[in-house]
>>> print(open('run_38.cif').read())   # mmCIF, C-alpha atoms
data_start
#
loop_
_atom_site.group_PDB
_atom_site.id
_atom_site.type_symbol
_atom_site.label_atom_id
_atom_site.label_comp_id
_atom_site.auth_asym_id
_atom_site.auth_seq_id
_atom_site.Cartn_x
_atom_site.Cartn_y
_atom_site.Cartn_z
ATOM 1 C CA MET A 1 5.855 -12.028 -24.065
ATOM 2 C CA TRP A 2 8.290 -12.439 -21.173
ATOM 3 C CA ARG A 3 10.417 -9.592 -22.533
ATOM 4 C CA THR A 4 7.280 -7.441 -22.862
ATOM 5 C CA LEU A 5 6.369 -8.313 -19.263
ATOM 6 C CA MET A 6 9.792 -7.186 -18.069
ATOM 7 C CA ILE A 7 9.620 -3.874 -19.962
ATOM 8 C CA CYS A 8 6.094 -3.196 -18.733
ATOM 9 C CA GLY A 9 7.120 -4.017 -15.168
ATOM 10 C CA LEU A 10 10.107 -1.681 -15.300
ATOM 11 C CA LEU A 11 7.932 1.174 -16.523
ATOM 12 C CA LEU A 12 5.290 0.627 -13.895
ATOM 13 C CA VAL A 13 7.586 0.211 -10.910
ATOM 14 C CA GLY A 14 9.854 3.102 -11.768
ATOM 15 C CA LEU A 15 8.185 5.045 -8.953
ATOM 16 C CA SER A 16 8.602 2.250 -6.437
ATOM 17 C CA HIS A 17 10.348 2.277 -3.048
ATOM 18 C CA ALA A 18 7.079 3.644 -1.595
ATOM 19 C CA PHE A 19 5.852 2.170 1.682
ATOM 20 C CA ASP A 20 2.131 2.477 2.345
ATOM 21 C CA LEU A 21 1.684 3.875 5.823
ATOM 22 C CA PRO A 22 0.092 1.299 8.123
ATOM 23 C CA GLY A 23 -2.586 3.258 9.989
ATOM 24 C CA GLU A 24 -6.223 3.608 9.034
ATOM 25 C CA PHE A 25 -5.841 7.311 9.792
ATOM 26 C CA ALA A 26 -3.105 7.802 7.147
ATOM 27 C CA GLN A 27 -3.937 8.559 3.524
ATOM 28 C CA ASN A 28 -1.509 6.943 1.070
ATOM 29 C CA PRO A 29 0.206 9.604 -1.089
ATOM 30 C CA SER A 30 0.530 7.027 -3.894
ATOM 31 C CA GLY A 31 -3.021 5.705 -3.532
ATOM 32 C CA SER A 32 -4.128 2.411 -2.019
ATOM 33 C CA LEU A 33 -4.361 0.811 -5.478
ATOM 34 C CA ALA A 34 -0.814 1.670 -6.570
ATOM 35 C CA LEU A 35 0.729 -1.157 -8.601
ATOM 36 C CA SER A 36 3.976 -1.302 -6.632
ATOM 37 C CA GLY A 37 5.330 -0.666 -3.178
ATOM 38 C CA LEU A 38 5.530 -2.389 0.177
ATOM 39 C CA PRO A 39 2.069 -3.214 1.553
ATOM 40 C CA GLY A 40 0.076 -1.353 4.179
ATOM 41 C CA PHE A 41 -3.301 -1.665 5.875
ATOM 42 C CA ARG A 42 -5.262 -0.209 2.948
ATOM 43 C CA SER A 43 -3.147 -1.354 -0.019
ATOM 44 C CA THR A 44 -4.289 -3.693 -2.765
ATOM 45 C CA PRO A 45 -2.746 -7.181 -2.946
ATOM 46 C CA ALA A 46 -2.630 -6.880 -6.776
ATOM 47 C CA ARG A 47 0.863 -5.465 -7.194
ATOM 48 C CA LEU A 48 3.834 -6.019 -9.455
ATOM 49 C CA LEU A 49 7.042 -7.431 -8.061
ATOM 50 C CA GLU A 50 9.629 -5.085 -6.560
ATOM 51 C CA PRO A 51 11.405 -7.130 -3.834
ATOM 52 C CA ALA A 52 12.158 -5.102 -0.711
ATOM 53 C CA PHE A 53 11.734 -4.955 3.042
ATOM 54 C CA GLY A 54 11.212 -2.004 5.342
ATOM 55 C CA VAL A 55 9.843 -0.436 8.513
ATOM 56 C CA SER A 56 7.561 2.541 9.105
ATOM 57 C CA TYR A 57 6.147 4.676 11.898
ATOM 58 C CA ALA A 58 3.188 7.075 11.963
ATOM 59 C CA ARG A 59 1.585 9.236 14.629
ATOM 60 C CA VAL A 60 -1.509 11.413 14.938
ATOM 61 C CA LEU A 61 -0.436 14.879 16.019
ATOM 62 C CA GLY A 62 -2.113 16.196 19.150
ATOM 63 C CA ALA A 63 -3.231 12.704 20.185
ATOM 64 C CA GLU A 64 -1.627 9.681 21.811
ATOM 65 C CA GLU A 65 -2.194 7.436 18.783
ATOM 66 C CA GLN A 66 0.785 5.881 17.051
ATOM 67 C CA ILE A 67 1.603 2.872 14.931
ATOM 68 C CA ALA A 68 4.748 0.989 13.915
ATOM 69 C CA ALA A 69 5.000 -1.587 11.148
ATOM 70 C CA ALA A 70 7.281 -3.854 9.155
ATOM 71 C CA ALA A 71 6.713 -5.257 5.676
ATOM 72 C CA GLY A 72 8.458 -7.161 2.922
ATOM 73 C CA GLU A 73 7.952 -8.772 -0.455
ATOM 74 C CA PHE A 74 9.722 -11.304 -2.655
ATOM 75 C CA GLY A 75 8.949 -13.399 -5.719
ATOM 76 C CA TRP A 76 9.836 -14.283 -9.267
ATOM 77 C CA ASP A 77 9.416 -12.442 -12.584
ATOM 78 C CA ALA A 78 8.568 -15.719 -14.327
ATOM 79 C CA LEU A 79 7.741 -18.964 -12.541
ATOM 80 C CA CYS A 80 8.983 -21.239 -15.311
ATOM 81 C CA GLY A 81 10.318 -18.940 -18.033
ATOM 82 C CA GLY A 82 8.672 -18.222 -21.347
ATOM 83 C CA ASP A 83 5.077 -16.998 -21.068
ATOM 84 C CA CYS A 84 4.569 -18.071 -17.453
ATOM 85 C CA PRO A 85 3.234 -15.418 -15.054
ATOM 86 C CA GLY A 86 5.304 -13.805 -12.343
ATOM 87 C CA LEU A 87 4.570 -14.286 -8.651
ATOM 88 C CA ARG A 88 4.758 -11.798 -5.772
ATOM 89 C CA MET A 89 4.502 -12.728 -2.099
ATOM 90 C CA ALA A 90 4.216 -10.028 0.581
ATOM 91 C CA PHE A 91 3.676 -9.651 4.318
ATOM 92 C CA PHE A 92 2.808 -6.787 6.613
ATOM 93 C CA SER A 93 2.547 -6.513 10.387
ATOM 94 C CA SER A 94 1.727 -3.536 12.616
ATOM 95 C CA TYR A 95 1.204 -2.520 16.225
ATOM 96 C CA VAL A 96 -1.217 0.283 17.163
ATOM 97 C CA GLU A 97 -1.330 2.083 20.490
ATOM 98 C CA LEU A 98 -3.978 4.627 21.489
ATOM 99 C CA ASP A 99 -3.113 6.200 24.831
ATOM 100 C CA SER A 100 -3.848 3.588 27.516
ATOM 101 C CA ILE A 101 -7.270 2.554 26.196
ATOM 102 C CA TYR A 102 -6.644 0.524 23.032
ATOM 103 C CA ARG A 103 -4.110 -1.824 21.417
ATOM 104 C CA GLN A 104 -4.048 -3.696 18.107
ATOM 105 C CA VAL A 105 -1.703 -6.171 16.458
ATOM 106 C CA TYR A 106 -2.440 -6.724 12.792
ATOM 107 C CA SER A 107 -0.752 -9.124 10.346
ATOM 108 C CA GLU A 108 -1.466 -9.608 6.649
ATOM 109 C CA TRP A 109 -0.170 -12.008 3.994
ATOM 110 C CA ALA A 110 -0.650 -11.364 0.280
ATOM 111 C CA ALA A 111 0.062 -13.066 -3.042
ATOM 112 C CA SER A 112 -0.303 -11.828 -6.603
ATOM 113 C CA ALA A 113 0.291 -13.154 -10.109
ATOM 114 C CA PHE A 114 1.092 -10.820 -12.988
ATOM 115 C CA GLY A 115 1.604 -10.872 -16.731
ATOM 116 C CA SER A 116 2.163 -8.316 -19.449
ATOM 117 C CA TRP A 117 -1.428 -6.987 -19.278
ATOM 118 C CA TYR A 118 -2.864 -8.019 -15.902
ATOM 119 C CA VAL A 119 -2.263 -8.317 -12.151
ATOM 120 C CA VAL A 120 -4.450 -10.321 -9.741
ATOM 121 C CA GLY A 121 -3.947 -10.728 -6.006
ATOM 122 C CA VAL A 122 -5.471 -11.934 -2.748
ATOM 123 C CA SER A 123 -4.625 -11.364 0.899
ATOM 124 C CA TYR A 124 -5.697 -12.374 4.380
ATOM 125 C CA GLY A 125 -5.299 -10.251 7.492
ATOM 126 C CA LEU A 126 -5.778 -11.120 11.160
ATOM 127 C CA SER A 127 -6.444 -8.373 13.699
ATOM 128 C CA VAL A 128 -6.094 -8.908 17.449
ATOM 129 C CA GLU A 129 -7.417 -5.961 19.473
ATOM 130 C CA TRP A 130 -7.846 -5.333 23.170
ATOM 131 C CA VAL A 131 -8.445 -2.830 25.930
ATOM 132 C CA PRO A 132 -5.587 -3.230 28.433
ATOM 133 C CA GLY A 133 -6.814 -5.154 31.446
ATOM 134 C CA ASP A 134 -10.225 -5.701 29.864
ATOM 135 C CA ASN A 135 -11.797 -7.158 26.712
ATOM 136 C CA GLN A 136 -10.003 -8.748 23.763
ATOM 137 C CA TRP A 137 -11.410 -9.564 20.324
ATOM 138 C CA THR A 138 -10.233 -10.656 16.884
ATOM 139 C CA GLY A 139 -11.222 -9.872 13.311
ATOM 140 C CA ASN A 140 -10.464 -11.147 9.831
ATOM 141 C CA ARG A 141 -9.887 -9.144 6.630
ATOM 142 C CA TYR A 142 -9.904 -10.541 3.110
ATOM 143 C CA LYS A 143 -8.850 -8.624 0.015
ATOM 144 C CA LEU A 144 -9.270 -9.381 -3.667
ATOM 145 C CA GLY A 145 -7.563 -7.072 -6.143
ATOM 146 C CA SER A 146 -7.009 -6.901 -9.886
ATOM 147 C CA ALA A 147 -5.614 -4.536 -12.493
ATOM 148 C CA LEU A 148 -5.642 -4.316 -16.283
ATOM 149 C CA LEU A 149 -2.553 -2.778 -17.871
ATOM 150 C CA TRP A 150 -2.510 -0.779 -21.082
ATOM 151 C CA SER A 151 0.834 0.938 -20.647
ATOM 152 C CA PRO A 152 1.036 3.749 -19.703
ATOM 153 C CA PHE A 153 -2.520 3.362 -18.281
ATOM 154 C CA ALA A 154 -3.853 0.963 -15.649
ATOM 155 C CA LEU A 155 -7.362 0.261 -14.376
ATOM 156 C CA SER A 156 -7.477 -1.239 -10.867
ATOM 157 C CA GLY A 157 -10.112 -2.489 -8.440
ATOM 158 C CA MET A 158 -10.229 -4.035 -4.982
ATOM 159 C CA LEU A 159 -12.841 -5.644 -2.723
ATOM 160 C CA VAL A 160 -12.308 -5.861 1.048
ATOM 161 C CA TRP A 161 -14.319 -8.063 3.414
ATOM 162 C CA THR A 162 -14.026 -7.470 7.165
ATOM 163 C CA ASP A 163 -15.404 -10.011 9.651
ATOM 164 C CA TYR A 164 -15.769 -8.974 13.295
ATOM 165 C CA ALA A 165 -17.859 -11.254 15.547
ATOM 166 C CA HIS A 166 -19.536 -12.763 12.459
ATOM 167 C CA ASN A 167 -20.545 -9.296 11.267
ATOM 168 C CA LEU A 168 -19.349 -9.251 7.651
ATOM 169 C CA MET A 169 -18.848 -5.895 5.934
ATOM 170 C CA MET A 170 -17.641 -5.198 2.404
ATOM 171 C CA ASP A 171 -15.806 -2.188 0.982
ATOM 172 C CA TYR A 172 -14.435 -1.474 -2.470
ATOM 173 C CA ALA A 173 -12.078 0.857 -4.307
ATOM 174 C CA VAL A 174 -11.403 1.556 -7.993
ATOM 175 C CA SER A 175 -8.756 3.666 -9.699
ATOM 176 C CA VAL A 176 -7.294 4.796 -12.999
ATOM 177 C CA SER A 177 -3.587 5.597 -13.144
ATOM 178 C CA LEU A 178 -1.027 6.907 -15.613
ATOM 179 C CA ASN A 179 2.693 6.144 -15.470
ATOM 180 C CA LEU A 180 5.040 7.885 -17.906
ATOM 181 C CA ALA A 181 8.350 6.005 -18.135
ATOM 182 C CA GLY A 182 8.570 5.715 -14.347
ATOM 183 C CA ARG A 183 9.138 9.472 -14.041
ATOM 184 C CA ILE A 184 5.637 10.931 -13.756
ATOM 185 C CA TYR A 185 2.737 9.123 -12.094
ATOM 186 C CA SER A 186 -0.851 10.253 -11.525
ATOM 187 C CA PHE A 187 -4.016 8.546 -10.319
ATOM 188 C CA VAL A 188 -7.690 8.999 -9.505
ATOM 189 C CA GLU A 189 -9.107 6.666 -6.834
ATOM 190 C CA TYR A 190 -12.632 6.256 -5.437
ATOM 191 C CA ASP A 191 -13.761 4.087 -2.510
ATOM 192 C CA GLY A 192 -17.479 4.866 -2.378
ATOM 193 C CA VAL A 193 -16.925 7.667 0.142
ATOM 194 C CA SER A 194 -13.885 9.677 -0.910
ATOM 195 C CA LEU A 195 -12.227 10.643 -4.180
ATOM 196 C CA ASP A 196 -8.419 10.829 -4.113
ATOM 197 C CA ILE A 197 -6.437 12.578 -6.855
ATOM 198 C CA GLY A 198 -2.671 12.302 -6.717
ATOM 199 C CA SER A 199 0.611 12.578 -8.565
ATOM 200 C CA ALA A 200 4.294 11.772 -8.154
ATOM 201 C CA PHE A 201 7.464 13.051 -9.795
ATOM 202 C CA ARG A 202 10.706 11.076 -9.711
ATOM 203 C CA PHE A 203 14.130 12.676 -9.967
ATOM 204 C CA LYS A 204 17.501 10.971 -9.814
ATOM 205 C CA TYR A 205 17.645 10.564 -6.048
ATOM 206 C CA MET A 206 14.261 11.849 -4.921
ATOM 207 C CA THR A 207 10.542 11.303 -5.473
ATOM 208 C CA ILE A 208 7.859 13.813 -4.470
ATOM 209 C CA ARG A 209 4.296 12.537 -4.005
ATOM 210 C CA SER A 210 1.041 14.262 -3.133
ATOM 211 C CA SER A 211 -2.661 13.420 -3.112
ATOM 212 C CA TYR A 212 -5.854 15.333 -2.363
ATOM 213 C CA ARG A 213 -9.109 13.953 -0.964
ATOM 214 C CA PHE A 214 -12.666 15.120 -1.615
ATOM 215 C CA PRO A 215 -15.389 15.949 -0.596
ATOM 216 C CA GLU A 216 -14.030 16.102 2.967
ATOM 217 C CA PHE A 217 -10.811 17.836 2.084
ATOM 218 C CA GLY A 218 -7.623 16.001 2.943
ATOM 219 C CA VAL A 219 -3.999 16.138 1.844
ATOM 220 C CA ALA A 220 -1.160 13.622 1.987
ATOM 221 C CA CYS A 221 2.370 14.253 0.764
ATOM 222 C CA SER A 222 5.750 12.560 0.978
ATOM 223 C CA VAL A 223 9.349 13.074 -0.015
ATOM 224 C CA ASP A 224 11.409 9.944 -0.715
ATOM 225 C CA PHE A 225 15.201 9.923 -0.910
ATOM 226 C CA VAL A 226 16.690 6.908 -2.708
ATOM 227 C CA LEU A 227 20.361 5.932 -2.895
ATOM 228 C CA GLY A 228 21.834 2.524 -3.593
ATOM 229 C CA GLY A 229 18.525 0.724 -3.209
ATOM 230 C CA VAL A 230 17.829 2.325 0.180
ATOM 231 C CA SER A 231 14.805 4.615 0.457
ATOM 232 C CA VAL A 232 14.034 6.974 3.358
ATOM 233 C CA SER A 233 10.696 8.796 3.352
ATOM 234 C CA GLY A 234 8.999 11.507 5.331
ATOM 235 C CA MET A 235 5.213 11.937 5.102
ATOM 236 C CA TYR A 236 2.580 14.328 6.367
ATOM 237 C CA GLY A 237 -1.173 14.669 5.915
ATOM 238 C CA PHE A 238 -4.432 15.925 7.347
ATOM 239 C CA VAL A 239 -8.151 15.211 6.930
ATOM 240 C CA GLY A 240 -10.530 18.155 7.342
ATOM 241 C CA GLN A 241 -10.578 19.448 10.898
ATOM 242 C CA ILE A 242 -10.395 15.973 12.416
ATOM 243 C CA TRP A 243 -6.676 15.193 12.675
ATOM 244 C CA ASP A 244 -3.285 15.577 11.075
ATOM 245 C CA TRP A 245 -0.503 13.002 11.076
ATOM 246 C CA PHE A 246 3.100 12.471 10.142
ATOM 247 C CA GLY A 247 5.095 9.365 9.279
ATOM 248 C CA ILE A 248 8.550 8.111 8.400
ATOM 249 C CA SER A 249 9.692 4.948 6.666
ATOM 250 C CA ALA A 250 12.856 3.236 5.480
ATOM 251 C CA SER A 251 13.136 0.391 2.990
ATOM 252 C CA LYS A 252 15.779 -1.579 1.117
ATOM 253 C CA SER A 253 15.283 -3.151 -2.282
ATOM 254 C CA VAL A 254 16.706 -6.625 -2.954
ATOM 255 C CA ARG A 255 17.609 -8.495 -6.122
ATOM 256 C CA LYS A 256 14.845 -10.034 -8.228
ATOM 257 C CA LYS A 257 14.674 -13.678 -9.195
ATOM 258 C CA THR A 258 13.628 -14.440 -12.769
ATOM 259 C CA ILE A 259 12.848 -18.167 -12.784
ATOM 260 C CA LEU A 260 11.711 -20.403 -9.952
#
>>> encode(input="run_38.cif", output="structure tokens")
Amino acid sequence: MWRTLMICGLLLVGLSHAFDLPGEFAQNPSGSLALSGLPGFRSTPARLLEPAFGVSYARVLGAEEQIAAAAGEFGWDALCGGDCPGLRMAFFSSYVELDSIYRQVYSEWAASAFGSWYVVGVSYGLSVEWVPGDNQWTGNRYKLGSALLWSPFALSGMLVWTDYAHNLMMDYAVSVSLNLAGRIYSFVEYDGVSLDIGSAFRFKYMTIRSSYRFPEFGVACSVDFVLGGVSVSGMYGFVGQIWDWFGISASKSVRKKTIL
């Protein structure tokens, strides 16, 4: 089973090196429920292991809103060899600035366990927000994610609880994805409000991703250049007539560990 797990993991993370953009305003070209990639604000904690670290930056065009972030992940393909599950640990931290009226520092820690046919994960995020020279408040975010794998298909789901001043809100997202030998990836994702449909195509040194949002039309796209384990990405998107944004990211993959 361990060999099957490794083969399945290689197929599913063939389109990795993606870095989910950190801002709430940015739509992920790979989908929030993608099974690999460095974490972001919206991403599921249920991901397969692809050790890496990276930084990203995004900005809303025509507005003084910007965000910078750093993220990383590490873990083991098999905790004790044989049929034991693998373990992924990840972290994400961001800083948001909106003109002179709003600031936010957000940090999230995630863990997931995965086998040949499943991935489960949890995360906790702490948000500290303030108006410069005025009020400050904090909030907590909890995520629970899971995925069932029938290579080349995957069915994923995520629940998100947000607690601000003891006001608890819950959101969800579900998706179906298809990954063909790590070269072609497509997904359909629904969060109760929007439907995202996306695809990605990987070439030797480049990956092109795009996704489309309905019913309020939105587009997100990215071009990733990968060489020697280093990935540099440029991203752009818009949502209806509300705003458009751009982002850049850079990440570096690191060697996997097989047994703890």
>>> residues_around(input="run_38.cif", residues="Gln104 in chain A", least_positions_apart="6", cutoff="7 Å", atoms="all atoms listed in the file", output="number ranges by chain")
A: 95-97, 127-130
>>> resolve_selection(input="run_38.cif", expression="the PyMOL selection byres ((chain A and resi 29) around 6)", output="list in words")
Asn28, Ser30, Gly31, Arg209, Ser210, Ser211, Ala220 and Cys221 of chain A
>>> atom_distance(input="run_38.cif", atom1="CA of Arg255 in chain A", atom2="CA of Ser222 in chain A")
25.2 Å
>>> closest_residue(input="run_38.cif", among="A:Val131, A:Ala46, A:Leu126, A:Val193", to="Met158 in chain A", atoms="only C-alpha atoms")
A:Ala46
>>> residues_around(input="run_38.cif", residues="Ile67 in chain A", least_positions_apart="3", cutoff="12 Å", atoms="only C-alpha atoms", output="MDAnalysis selection string")
chainID A and resid 21:26 40:41 55:60 64 70 93:99 102:106 245:249
>>> atom_distance(input="run_38.cif", atom1="CA of Phe91 in chain A", atom2="CA of Thr138 in chain A")
18.8 Å
>>> residues_around(input="run_38.cif", residues="Gly86 in chain A", least_positions_apart="3", cutoff="7 Å", atoms="only C-alpha atoms", output="list in words")
Trp76, Asp77, Ala78, Leu79, Ala113, Phe114 and Gly115 of chain A
>>> atom_distance(input="run_38.cif", atom1="CA of Lys252 in chain A", atom2="CA of Leu33 in chain A")
21.3 Å
>>> residues_around(input="run_38.cif", residues="Ile184 in chain A", least_positions_apart="6", cutoff="7 Å", atoms="all atoms listed in the file", output="PyMOL selection string")
chain A and resi 200-202
>>> residues_around(input="run_38.cif", residues="Asp163 in chain A", least_positions_apart="5", cutoff="12 Å", atoms="only C-alpha atoms", output="list of chain:residue names")
A:Tyr124, A:Gly125, A:Leu126, A:Ser127, A:Trp137, A:Thr138, A:Gly139, A:Asn140, A:Arg141, A:Tyr142, A:Lys143, A:Leu168, A:Met169, A:Met170, A:Asp171
>>> closest_residue(input="run_38.cif", among="A:Val232, A:Ala181, A:Leu38, A:Ala90", to="Trp109 in chain A", atoms="only C-alpha atoms")
A:Ala90
>>> axis_aligned_box(input="run_38.cif", around="range 129-145 of chain A", padding_each_side="3 Å", output="JSON")
{"center_x": -8.7, "center_y": -7.0, "center_z": 12.7, "size_x": 12.2, "size_y": 14.3, "size_z": 43.6}
>>> closest_residue(input="run_38.cif", among="A:Ile208, A:Val160, A:Ala154, A:Cys80", to="Val223 in chain A", atoms="all atoms listed in the file")
A:Ile208
>>> closest_residue(input="run_38.cif", among="A:Ser112, A:Ser177, A:Ser251, A:Ser199", to="Trp150 in chain A", atoms="all atoms listed in the file")
A:Ser177
>>> decode(input="run_38.cif", residues="range 66-93 of chain A", atoms="N, CA and C atoms", output="short mmCIF file (atom, residue, chain, number, x, y, z; two decimals), in the first residue's frame")
data_model
loop_
_atom_site.label_atom_id
_atom_site.label_comp_id
_atom_site.auth_asym_id
_atom_site.auth_seq_id
_atom_site.Cartn_x
_atom_site.Cartn_y
_atom_site.Cartn_z
N GLN A 66 -3.37 45.99 -0.14
CA GLN A 66 -2.32 45.07 -0.52
C GLN A 66 -2.07 44.09 0.61
N ILE A 67 -1.44 42.97 0.25
CA ILE A 67 -1.19 41.93 1.23
C ILE A 67 0.09 41.19 0.88
N ALA A 68 0.87 40.85 1.89
CA ALA A 68 2.09 40.07 1.73
C ALA A 68 2.02 38.87 2.66
N ALA A 69 2.61 37.75 2.24
CA ALA A 69 2.47 36.53 3.02
C ALA A 69 3.68 35.63 2.86
N ALA A 70 3.84 34.74 3.81
CA ALA A 70 4.85 33.69 3.76
C ALA A 70 4.20 32.38 4.20
N ALA A 71 4.65 31.27 3.64
CA ALA A 71 4.06 29.98 3.97
C ALA A 71 5.10 28.88 3.79
N GLY A 72 4.84 27.75 4.40
CA GLY A 72 5.73 26.60 4.26
C GLY A 72 5.03 25.33 4.67
N GLU A 73 5.58 24.21 4.26
CA GLU A 73 5.06 22.91 4.68
C GLU A 73 6.19 21.90 4.72
N PHE A 74 6.02 20.90 5.59
CA PHE A 74 6.98 19.81 5.72
C PHE A 74 6.23 18.59 6.23
N GLY A 75 6.89 17.44 6.26
CA GLY A 75 6.22 16.24 6.75
C GLY A 75 6.91 14.98 6.31
N TRP A 76 6.15 13.89 6.35
CA TRP A 76 6.70 12.57 6.08
C TRP A 76 5.71 11.78 5.23
N ASP A 77 6.22 11.06 4.23
CA ASP A 77 5.35 10.22 3.39
C ASP A 77 4.76 9.06 4.17
N ALA A 78 5.50 8.53 5.13
CA ALA A 78 5.00 7.44 5.96
C ALA A 78 5.59 7.60 7.35
N LEU A 79 4.75 7.65 8.37
CA LEU A 79 5.22 7.93 9.72
C LEU A 79 6.07 6.80 10.28
N CYS A 80 5.74 5.56 9.91
CA CYS A 80 6.48 4.43 10.47
C CYS A 80 6.72 3.34 9.44
N GLY A 81 6.61 3.68 8.15
CA GLY A 81 6.81 2.69 7.11
C GLY A 81 5.56 1.83 6.92
N GLY A 82 5.64 0.92 5.99
CA GLY A 82 4.54 0.00 5.76
C GLY A 82 3.27 0.71 5.35
N ASP A 83 2.15 0.39 6.05
CA ASP A 83 0.85 0.96 5.71
C ASP A 83 0.50 2.19 6.54
N CYS A 84 1.46 2.75 7.26
CA CYS A 84 1.18 3.93 8.07
C CYS A 84 0.85 5.12 7.18
N PRO A 85 0.02 6.03 7.66
CA PRO A 85 -0.31 7.23 6.87
C PRO A 85 0.85 8.21 6.82
N GLY A 86 0.80 9.11 5.86
CA GLY A 86 1.75 10.21 5.80
C GLY A 86 1.23 11.39 6.60
N LEU A 87 2.10 12.33 6.90
CA LEU A 87 1.74 13.49 7.71
C LEU A 87 2.28 14.75 7.05
N ARG A 88 1.44 15.76 6.94
CA ARG A 88 1.82 17.07 6.42
C ARG A 88 1.55 18.14 7.47
N MET A 89 2.52 18.99 7.71
CA MET A 89 2.37 20.13 8.59
C MET A 89 2.60 21.39 7.76
N ALA A 90 1.80 22.43 7.97
CA ALA A 90 1.92 23.65 7.17
C ALA A 90 1.62 24.87 8.01
N PHE A 91 2.19 26.01 7.60
CA PHE A 91 1.92 27.28 8.27
C PHE A 91 1.76 28.37 7.22
N PHE A 92 1.08 29.41 7.61
CA PHE A 92 0.80 30.53 6.72
C PHE A 92 0.63 31.79 7.55
N SER A 93 1.24 32.88 7.13
CA SER A 93 1.10 34.14 7.85
C SER A 93 1.04 35.29 6.85
#
